[in-house]
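*Asks:* Got a structure for you, target_39.cif, holding mmCIF, C-alpha atoms.
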```cif
data_protein
#
loop_
_atom_site.group_PDB
_atom_site.id
_atom_site.type_symbol
_atom_site.label_atom_id
_atom_site.label_comp_id
_atom_site.auth_asym_id
_atom_site.auth_seq_id
_atom_site.Cartn_x
_atom_site.Cartn_y
_atom_site.Cartn_z
ATOM 1 C CA MET U 1 14.675 -33.102 -43.721
ATOM 2 C CA LYS U 2 15.294 -30.317 -46.204
ATOM 3 C CA LEU U 3 18.008 -27.723 -45.653
ATOM 4 C CA ARG U 4 15.413 -24.978 -45.227
ATOM 5 C CA GLN U 5 13.663 -26.958 -42.506
ATOM 6 C CA TRP U 6 16.951 -27.539 -40.684
ATOM 7 C CA ILE U 7 17.703 -23.828 -40.777
ATOM 8 C CA THR U 8 14.261 -23.053 -39.362
ATOM 9 C CA VAL U 9 14.679 -25.571 -36.522
ATOM 10 C CA VAL U 10 18.150 -24.292 -35.611
ATOM 11 C CA ALA U 11 17.027 -20.665 -35.698
ATOM 12 C CA LEU U 12 14.020 -21.456 -33.529
ATOM 13 C CA SER U 13 16.185 -23.351 -31.031
ATOM 14 C CA LEU U 14 18.627 -20.453 -30.784
ATOM 15 C CA LEU U 15 15.739 -18.050 -30.290
ATOM 16 C CA VAL U 16 14.309 -20.116 -27.443
ATOM 17 C CA ILE U 17 17.712 -20.418 -25.749
ATOM 18 C CA ALA U 18 18.401 -16.686 -26.104
ATOM 19 C CA THR U 19 14.983 -15.804 -24.725
ATOM 20 C CA VAL U 20 15.355 -18.105 -21.710
ATOM 21 C CA VAL U 21 18.832 -16.737 -20.972
ATOM 22 C CA GLY U 22 17.471 -13.208 -21.244
ATOM 23 C CA LEU U 23 14.697 -13.991 -18.788
ATOM 24 C CA LEU U 24 17.174 -15.520 -16.343
ATOM 25 C CA LEU U 25 19.554 -12.575 -16.597
ATOM 26 C CA THR U 26 16.725 -10.084 -16.186
ATOM 27 C CA GLY U 27 15.444 -11.945 -13.155
ATOM 28 C CA THR U 28 18.913 -12.087 -11.606
ATOM 29 C CA GLN U 29 19.504 -8.363 -12.128
ATOM 30 C CA SER U 30 16.154 -7.463 -10.623
ATOM 31 C CA VAL U 31 16.500 -9.699 -7.562
ATOM 32 C CA LEU U 32 20.092 -9.149 -6.463
ATOM 33 C CA PRO U 33 19.859 -5.365 -5.858
ATOM 34 C CA ALA U 34 16.650 -5.896 -3.925
ATOM 35 C CA ARG U 35 18.346 -8.419 -1.637
ATOM 36 C CA THR U 36 21.246 -6.062 -1.075
ATOM 37 C CA ALA U 37 18.910 -3.179 -0.285
ATOM 38 C CA ARG U 38 17.046 -5.210 2.332
ATOM 39 C CA LYS U 39 20.058 -5.447 4.630
ATOM 40 C CA ASN U 40 19.586 -1.989 6.135
ATOM 41 C CA VAL U 41 15.791 -1.827 5.928
ATOM 42 C CA GLN U 42 13.812 -2.039 9.165
ATOM 43 C CA PRO U 43 10.931 -4.536 9.231
ATOM 44 C CA ALA U 44 7.521 -3.024 8.565
ATOM 45 C CA ILE U 45 4.885 -2.790 11.315
ATOM 46 C CA VAL U 46 2.455 -4.633 9.043
ATOM 47 C CA ASP U 47 3.726 -6.926 6.302
ATOM 48 C CA GLN U 48 1.988 -5.761 3.129
ATOM 49 C CA LYS U 49 4.345 -7.646 0.830
ATOM 50 C CA PRO U 50 1.719 -10.247 -0.240
ATOM 51 C CA LEU U 51 -0.581 -7.540 -1.564
ATOM 52 C CA GLN U 52 2.247 -5.536 -3.115
ATOM 53 C CA THR U 53 3.436 -8.661 -4.924
ATOM 54 C CA ALA U 54 -0.085 -9.467 -6.081
ATOM 55 C CA ARG U 55 -0.496 -5.938 -7.443
ATOM 56 C CA LYS U 56 2.717 -6.198 -9.441
ATOM 57 C CA LEU U 57 1.757 -9.571 -10.839
ATOM 58 C CA ALA U 58 -1.760 -8.402 -11.637
ATOM 59 C CA ALA U 59 -0.265 -5.847 -14.004
ATOM 60 C CA LEU U 60 1.165 -8.761 -16.005
ATOM 61 C CA ALA U 61 -2.197 -10.462 -16.488
ATOM 62 C CA VAL U 62 -3.150 -10.702 -20.162
ATOM 63 C CA THR U 63 -5.276 -13.751 -20.892
ATOM 64 C CA PRO U 64 -8.626 -14.489 -19.200
ATOM 65 C CA GLU U 65 -6.970 -17.331 -17.276
ATOM 66 C CA GLU U 66 -4.242 -15.002 -16.012
ATOM 67 C CA ARG U 67 -6.808 -12.390 -15.016
ATOM 68 C CA ASP U 68 -8.645 -15.050 -13.006
ATOM 69 C CA PHE U 69 -5.405 -15.956 -11.240
ATOM 70 C CA ALA U 70 -4.666 -12.256 -10.653
ATOM 71 C CA HIS U 71 -8.127 -11.607 -9.202
ATOM 72 C CA GLU U 72 -7.840 -14.586 -6.854
ATOM 73 C CA ALA U 73 -4.305 -13.648 -5.795
ATOM 74 C CA MET U 74 -5.393 -10.059 -5.077
ATOM 75 C CA ARG U 75 -8.382 -11.238 -3.054
ATOM 76 C CA LEU U 76 -6.363 -13.648 -0.935
ATOM 77 C CA ALA U 77 -3.493 -11.189 -0.463
ATOM 78 C CA ASP U 78 -5.916 -8.459 0.627
ATOM 79 C CA TYR U 79 -7.436 -10.868 3.155
ATOM 80 C CA ASP U 80 -3.949 -11.731 4.413
ATOM 81 C CA VAL U 81 -3.029 -8.062 4.875
ATOM 82 C CA ASP U 82 -6.352 -7.324 6.618
ATOM 83 C CA LEU U 83 -5.566 -10.092 9.119
ATOM 84 C CA ALA U 84 -2.088 -8.650 9.629
ATOM 85 C CA PHE U 85 -3.550 -5.207 10.405
ATOM 86 C CA ALA U 86 -6.060 -6.693 12.861
ATOM 87 C CA ASN U 87 -3.327 -8.644 14.644
ATOM 88 C CA ALA U 88 -1.016 -5.626 14.753
ATOM 89 C CA LEU U 89 -3.723 -3.391 16.240
ATOM 90 C CA ARG U 90 -4.587 -5.993 18.870
ATOM 91 C CA GLU U 91 -0.927 -6.467 19.756
ATOM 92 C CA ALA U 92 -0.353 -2.706 20.048
ATOM 93 C CA ARG U 93 -3.438 -2.338 22.236
ATOM 94 C CA GLU U 94 -2.745 -5.296 24.539
ATOM 95 C CA HIS U 95 1.048 -4.996 24.724
ATOM 96 C CA PRO U 96 2.074 -1.364 24.290
ATOM 97 C CA PRO U 97 5.856 -0.875 24.261
ATOM 98 C CA THR U 98 7.602 0.931 27.089
ATOM 99 C CA PRO U 99 8.122 4.526 25.890
ATOM 100 C CA THR U 100 11.591 6.004 25.712
ATOM 101 C CA ALA U 101 12.520 9.335 27.288
ATOM 102 C CA GLU U 102 12.055 11.079 23.932
ATOM 103 C CA GLN U 103 8.675 9.441 23.421
ATOM 104 C CA ARG U 104 7.508 10.436 26.914
ATOM 105 C CA GLU U 105 8.445 14.039 26.163
ATOM 106 C CA LEU U 106 6.534 13.931 22.883
ATOM 107 C CA MET U 107 3.546 12.315 24.601
ATOM 108 C CA ALA U 108 3.469 15.159 27.124
ATOM 109 C CA ARG U 109 3.636 17.695 24.300
ATOM 110 C CA ASN U 110 0.835 15.880 22.494
ATOM 111 C CA PHE U 111 -1.345 15.782 25.631
ATOM 112 C CA LYS U 112 -0.786 19.502 26.251
ATOM 113 C CA ALA U 113 -1.661 20.362 22.647
ATOM 114 C CA GLU U 114 -4.846 18.288 22.871
ATOM 115 C CA SER U 115 -5.836 20.111 26.069
ATOM 116 C CA VAL U 116 -5.295 23.506 24.432
ATOM 117 C CA VAL U 117 -7.388 22.553 21.391
ATOM 118 C CA LYS U 118 -10.149 21.243 23.658
ATOM 119 C CA ALA U 119 -10.125 24.527 25.586
ATOM 120 C CA ASP U 120 -10.395 26.503 22.329
ATOM 121 C CA GLN U 121 -13.346 24.389 21.207
ATOM 122 C CA ASP U 122 -15.093 24.811 24.561
ATOM 123 C CA LEU U 123 -14.586 28.585 24.401
ATOM 124 C CA ILE U 124 -16.053 28.788 20.894
ATOM 125 C CA ALA U 125 -19.019 26.664 21.951
ATOM 126 C CA ARG U 126 -19.655 28.867 25.012
ATOM 127 C CA LEU U 127 -19.389 32.111 23.019
ATOM 128 C CA THR U 128 -21.692 30.701 20.334
ATOM 129 C CA ARG U 129 -24.334 29.971 22.971
ATOM 130 C CA GLN U 130 -23.941 33.490 24.353
ATOM 131 C CA LEU U 131 -24.312 34.960 20.887
ATOM 132 C CA ALA U 132 -27.617 33.198 20.359
ATOM 133 C CA SER U 133 -29.217 34.851 23.395
ATOM 134 C CA ALA U 134 -27.251 38.112 23.543
ATOM 135 C CA PRO U 135 -28.861 41.517 22.939
ATOM 136 C CA GLU U 136 -28.073 43.283 19.682
ATOM 137 C CA THR U 137 -25.765 45.746 21.435
ATOM 138 C CA THR U 138 -23.297 42.992 22.434
ATOM 139 C CA LYS U 139 -23.570 40.587 19.494
ATOM 140 C CA GLU U 140 -20.867 42.271 17.435
ATOM 141 C CA ASP U 141 -18.388 42.111 20.302
ATOM 142 C CA ILE U 142 -19.158 38.435 20.951
ATOM 143 C CA GLN U 143 -18.820 37.643 17.256
ATOM 144 C CA ASP U 144 -15.390 39.284 17.247
ATOM 145 C CA GLN U 145 -14.392 37.087 20.191
ATOM 146 C CA ILE U 146 -15.603 33.999 18.298
ATOM 147 C CA ASP U 147 -13.576 34.955 15.225
ATOM 148 C CA VAL U 148 -10.456 35.458 17.334
ATOM 149 C CA ALA U 149 -11.040 32.137 19.106
ATOM 150 C CA LYS U 150 -11.447 30.320 15.766
ATOM 151 C CA GLY U 151 -8.192 31.809 14.518
ATOM 152 C CA GLN U 152 -6.438 30.653 17.674
ATOM 153 C CA LEU U 153 -8.003 27.203 17.269
ATOM 154 C CA GLU U 154 -6.481 26.875 13.800
ATOM 155 C CA LEU U 155 -3.033 27.709 15.157
ATOM 156 C CA ASP U 156 -3.384 25.321 18.088
ATOM 157 C CA GLN U 157 -4.727 22.579 15.797
ATOM 158 C CA ASP U 158 -1.635 22.948 13.616
ATOM 159 C CA GLU U 159 0.516 22.556 16.717
ATOM 160 C CA LEU U 160 -1.427 19.421 17.696
ATOM 161 C CA ASP U 161 -1.026 17.954 14.215
ATOM 162 C CA ASP U 162 2.722 18.572 14.364
ATOM 163 C CA ALA U 163 2.909 16.975 17.804
ATOM 164 C CA LYS U 164 1.037 13.886 16.606
ATOM 165 C CA GLU U 165 3.259 13.588 13.542
ATOM 166 C CA ASP U 166 6.421 13.857 15.637
ATOM 167 C CA LEU U 167 5.074 11.226 18.027
ATOM 168 C CA LEU U 168 4.285 8.879 15.144
ATOM 169 C CA ARG U 169 7.752 9.305 13.650
ATOM 170 C CA ALA U 170 9.342 8.595 17.030
ATOM 171 C CA GLY U 171 7.344 5.373 17.364
ATOM 172 C CA GLY U 172 5.490 6.565 20.440
ATOM 173 C CA ASN U 173 2.017 5.855 19.045
ATOM 174 C CA PRO U 174 1.990 2.358 17.497
ATOM 175 C CA GLN U 175 -1.802 2.243 17.237
ATOM 176 C CA GLY U 176 -1.872 5.596 15.472
ATOM 177 C CA LYS U 177 0.840 4.484 13.050
ATOM 178 C CA ILE U 178 -1.026 1.268 12.261
ATOM 179 C CA GLN U 179 -4.275 3.174 11.768
ATOM 180 C CA GLN U 180 -2.487 5.516 9.372
ATOM 181 C CA LEU U 181 -1.141 2.567 7.374
ATOM 182 C CA LEU U 182 -4.573 0.945 7.420
ATOM 183 C CA GLN U 183 -6.178 4.062 5.938
ATOM 184 C CA GLU U 184 -3.561 4.099 3.178
ATOM 185 C CA HIS U 185 -4.177 0.404 2.550
ATOM 186 C CA GLU U 186 -7.943 0.881 2.310
ATOM 187 C CA ALA U 187 -7.490 3.861 -0.010
ATOM 188 C CA GLY U 188 -5.235 1.804 -2.263
ATOM 189 C CA ALA U 189 -7.751 -1.037 -2.372
ATOM 190 C CA HIS U 190 -9.981 1.056 -4.639
ATOM 191 C CA ALA U 191 -7.280 1.068 -7.339
ATOM 192 C CA ASP U 192 -6.684 -2.687 -7.324
ATOM 193 C CA ALA U 193 -9.038 -3.637 -10.138
ATOM 194 C CA VAL U 194 -7.244 -5.455 -12.921
ATOM 195 C CA SER U 195 -7.633 -3.692 -16.256
ATOM 196 C CA THR U 196 -9.145 -5.777 -19.021
ATOM 197 C CA ASN U 197 -9.036 -3.215 -21.837
ATOM 198 C CA GLY U 198 -6.596 -3.011 -24.696
ATOM 199 C CA VAL U 199 -4.265 -5.496 -26.330
ATOM 200 C CA SER U 200 -0.807 -5.942 -24.872
ATOM 201 C CA SER U 201 2.374 -6.421 -26.856
ATOM 202 C CA ALA U 202 2.311 -10.094 -25.894
ATOM 203 C CA ASP U 203 -1.204 -10.400 -27.319
ATOM 204 C CA ALA U 204 -0.133 -8.677 -30.512
ATOM 205 C CA GLU U 205 2.905 -10.910 -30.916
ATOM 206 C CA TYR U 206 0.881 -14.018 -30.193
ATOM 207 C CA GLU U 207 -1.499 -13.021 -32.968
ATOM 208 C CA ALA U 208 1.370 -12.269 -35.355
ATOM 209 C CA HIS U 209 1.910 -14.516 -38.352
ATOM 210 C CA ASN U 210 5.697 -14.737 -37.914
ATOM 211 C CA LEU U 211 7.025 -17.655 -35.870
ATOM 212 C CA ALA U 212 9.640 -15.747 -33.853
ATOM 213 C CA PRO U 213 7.190 -13.222 -32.294
ATOM 214 C CA GLN U 214 4.819 -16.068 -31.470
ATOM 215 C CA VAL U 215 7.568 -17.955 -29.628
ATOM 216 C CA ARG U 216 8.500 -14.826 -27.656
ATOM 217 C CA ALA U 217 4.858 -14.240 -26.798
ATOM 218 C CA TRP U 218 4.372 -17.845 -25.723
ATOM 219 C CA LEU U 219 7.412 -17.738 -23.427
ATOM 220 C CA ALA U 220 6.312 -14.408 -21.935
ATOM 221 C CA LEU U 221 2.781 -15.601 -21.305
ATOM 222 C CA HIS U 222 4.023 -18.887 -19.837
ATOM 223 C CA GLU U 223 6.340 -17.021 -17.472
ATOM 224 C CA LYS U 224 3.592 -14.666 -16.348
ATOM 225 C CA ARG U 225 1.196 -17.539 -15.792
ATOM 226 C CA ASN U 226 3.721 -19.244 -13.520
ATOM 227 C CA LEU U 227 4.283 -16.010 -11.572
ATOM 228 C CA LEU U 228 0.570 -15.466 -11.070
ATOM 229 C CA GLU U 229 -0.008 -19.044 -9.953
ATOM 230 C CA GLY U 230 2.930 -18.767 -7.564
ATOM 231 C CA ALA U 231 1.496 -15.598 -6.025
ATOM 232 C CA ARG U 232 -1.880 -17.260 -5.605
ATOM 233 C CA GLN U 233 -0.342 -20.273 -3.873
ATOM 234 C CA ASP U 234 1.808 -18.052 -1.660
ATOM 235 C CA ALA U 235 -1.286 -16.152 -0.545
ATOM 236 C CA LEU U 236 -3.097 -19.425 0.189
ATOM 237 C CA ASP U 237 -0.183 -20.690 2.280
ATOM 238 C CA LYS U 238 -0.215 -17.517 4.393
ATOM 239 C CA ILE U 239 -3.851 -17.788 5.437
ATOM 240 C CA PRO U 240 -3.975 -19.190 8.991
ATOM 241 C CA VAL U 241 -6.214 -22.136 9.745
ATOM 242 C CA LEU U 242 -9.089 -20.849 11.868
ATOM 243 C CA THR U 243 -10.456 -23.315 14.389
#
```
Output the file's structure as structure tokens, nothing else.
*Replies:*
Amino acid sequence: MKLRQWITVVALSLLVIATVVGLLLTGTQSVLPARTARKNVQPAIVDQKPLQTARKLAALAVTPEERDFAHEAMRLADYDVDLAFANALREAREHPPTPTAEQRELMARNFKAESVVKADQDLIARLTRQLASAPETTKEDIQDQIDVAKGQLELDQDELDDAKEDLLRAGGNPQGKIQQLLQEHEAGAHADAVSTNGVSSADAEYEAHNLAPQVRAWLALHEKRNLLEGARQDALDKIPVLT
């Protein structure tokens, strides 16, 4: 083998080793802080980690094969999270937790605020019916009463919203909290489409004529393909067997 060929082989070998070490170091740095941070984190009501992981991995999809893996992983993860929400709602409905003293106080405040809002709405409805059949001489007075009642309703509705929010934060309304998370999940589902436009840096390097960029691109694409396949398999393993 000629000297030039030996130099090329050695340089390529060093490049591969350096790239692999870089990937390992990057992975270690990104995982260790996350594990440390989890120590003081309370478990979530609904585990959305499968979908969150699938979303992150979907952003790495470049080739058509990777996009297929990403689409399948997203679909299965979304199904897994939907099942988790359904189970959490059923559990909260069938086995509500015993409220604490603070939660009972907030529940009473919430019930009172709901009653006040209902009374405001009933008053507005009654005055509106009166206005429809009232003589012209009294319509202006009734309309003023309606306007005042609507203003009071806005204030009382704000109080009710605050009471509900405080109750949710205190954990006194598990079903409401799960419903809130479910709405956020459904809203986020509309932004889950994997983009297929543009050429990534990995694509550009893979198409480059120099050997070193092509090796880097190959390693990056291989790593991403493994991550996507792992996410897909993890989602499959989480799906319960329905009988």
*Asks:* List as JSON lines every residue of stretch 125-198 of chain U that is in contact with stretch 78-93 of chain U, defined as an atom at most 9 Å from one of its atoms (using only C-alpha atoms), together with the nearest atom pair and the distance in Å rounded to one decimal, sorted by chain and then rising number.
*Replies:*
```
{"residue": "U:Asn173", "atom": "CA", "partner": "U:Ala92", "partner_atom": "CA", "distance": 8.9}
{"residue": "U:Pro174", "atom": "CA", "partner": "U:Ala92", "partner_atom": "CA", "distance": 6.1}
{"residue": "U:Gln175", "atom": "CA", "partner": "U:Ala92", "partner_atom": "CA", "distance": 5.9}
{"residue": "U:Ile178", "atom": "CA", "partner": "U:Leu89", "partner_atom": "CA", "distance": 6.7}
{"residue": "U:Gln179", "atom": "CA", "partner": "U:Leu89", "partner_atom": "CA", "distance": 8.0}
{"residue": "U:Leu181", "atom": "CA", "partner": "U:Phe85", "partner_atom": "CA", "distance": 8.7}
{"residue": "U:Leu182", "atom": "CA", "partner": "U:Phe85", "partner_atom": "CA", "distance": 6.9}
{"residue": "U:His185", "atom": "CA", "partner": "U:Val81", "partner_atom": "CA", "distance": 8.9}
{"residue": "U:Ala189", "atom": "CA", "partner": "U:Asp78", "partner_atom": "CA", "distance": 8.2}
```
*Asks:* Using all atoms listed in the file, determine which residues lie at most 12 Å from U:Ala108, disregarding the query and same-chain residues fewer than 3 positions distant; provide the list as an mmCIF file with C-alpha atoms, in the coordinates of the input.
*Replies:*
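part_3.cif was written with the following content:
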```cif
data_model
loop_
_atom_site.group_PDB
_atom_site.id
_atom_site.type_symbol
_atom_site.label_atom_id
_atom_site.label_comp_id
_atom_site.auth_asym_id
_atom_site.auth_seq_id
_atom_site.Cartn_x
_atom_site.Cartn_y
_atom_site.Cartn_z
ATOM 1 C CA PRO U 99 8.122 4.526 25.890
ATOM 2 C CA ALA U 101 12.520 9.335 27.288
ATOM 3 C CA GLU U 102 12.055 11.079 23.932
ATOM 4 C CA GLN U 103 8.675 9.441 23.421
ATOM 5 C CA ARG U 104 7.508 10.436 26.914
ATOM 6 C CA GLU U 105 8.445 14.039 26.163
ATOM 7 C CA PHE U 111 -1.345 15.782 25.631
ATOM 8 C CA LYS U 112 -0.786 19.502 26.251
ATOM 9 C CA ALA U 113 -1.661 20.362 22.647
ATOM 10 C CA GLU U 114 -4.846 18.288 22.871
ATOM 11 C CA SER U 115 -5.836 20.111 26.069
ATOM 12 C CA LEU U 160 -1.427 19.421 17.696
ATOM 13 C CA ALA U 163 2.909 16.975 17.804
ATOM 14 C CA LYS U 164 1.037 13.886 16.606
ATOM 15 C CA ASP U 166 6.421 13.857 15.637
ATOM 16 C CA LEU U 167 5.074 11.226 18.027
ATOM 17 C CA GLY U 172 5.490 6.565 20.440
#
```
*Asks:* So how many Å separate atom CA of U:Val46 and atom CA of U:Glu186, to one decimal?
*Replies:*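 According to the coordinates, atom CA of U:Val46 and atom CA of U:Glu186 are separated by 13.6 Å.
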*Asks:* Interatomic distance between atom CA of U:Leu168 and atom CA of U:Ala77?
*Replies:*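 The value is 26.6 Å.
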*Asks:* Could you tell me how far atom CA of U:Val117 sits from atom CA of U:Leu155, in Å to one decimal place?
*Replies:* 9.2 Å
*Asks:* Tell me, as a PyMOL selection string, which residues lie within 12 Å of U:Val116, counting all atoms listed in the file; anything in the same chain fewer than 2 positions away does not count.
*Replies:* chain U and resi 109-114+118-123+149+152-160
*Asks:* Nearest residue to U:Ala170 out of U:Asn226, U:Thr63, U:Thr100, U:Gln48, using all atoms listed in the file?
*Replies:*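 Using all atoms listed in the file, the shortest distance to U:Ala170 belongs to U:Thr100.
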*Asks:* Please write as a JSON list (two decimals) with C-alpha atoms, in the coordinates of the input the full residue list that the PyMOL selection byres ((chain U and resi 74) around 8) yields on this file.
*Replies:*
```json
[["chain", "number", "residue", "atom", "x", "y", "z"],
["U", 51, "LEU", "CA", -0.58, -7.54, -1.56],
["U", 54, "ALA", "CA", -0.08, -9.47, -6.08],
["U", 55, "ARG", "CA", -0.50, -5.94, -7.44],
["U", 58, "ALA", "CA", -1.76, -8.40, -11.64],
["U", 70, "ALA", "CA", -4.67, -12.26, -10.65],
["U", 71, "HIS", "CA", -8.13, -11.61, -9.20],
["U", 72, "GLU", "CA", -7.84, -14.59, -6.85],
["U", 73, "ALA", "CA", -4.30, -13.65, -5.80],
["U", 75, "ARG", "CA", -8.38, -11.24, -3.05],
["U", 76, "LEU", "CA", -6.36, -13.65, -0.94],
["U", 77, "ALA", "CA", -3.49, -11.19, -0.46],
["U", 78, "ASP", "CA", -5.92, -8.46, 0.63],
["U", 192, "ASP", "CA", -6.68, -2.69, -7.32]]
```
*Asks:* For a quick check of understanding, using all atoms listed in the file, which of U:Arg67, U:Pro135, U:Thr128, U:Glu165 has the smallest distance to U:Asp147?
*Replies:*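 For U:Asp147, the nearest of the given residues is U:Thr128.
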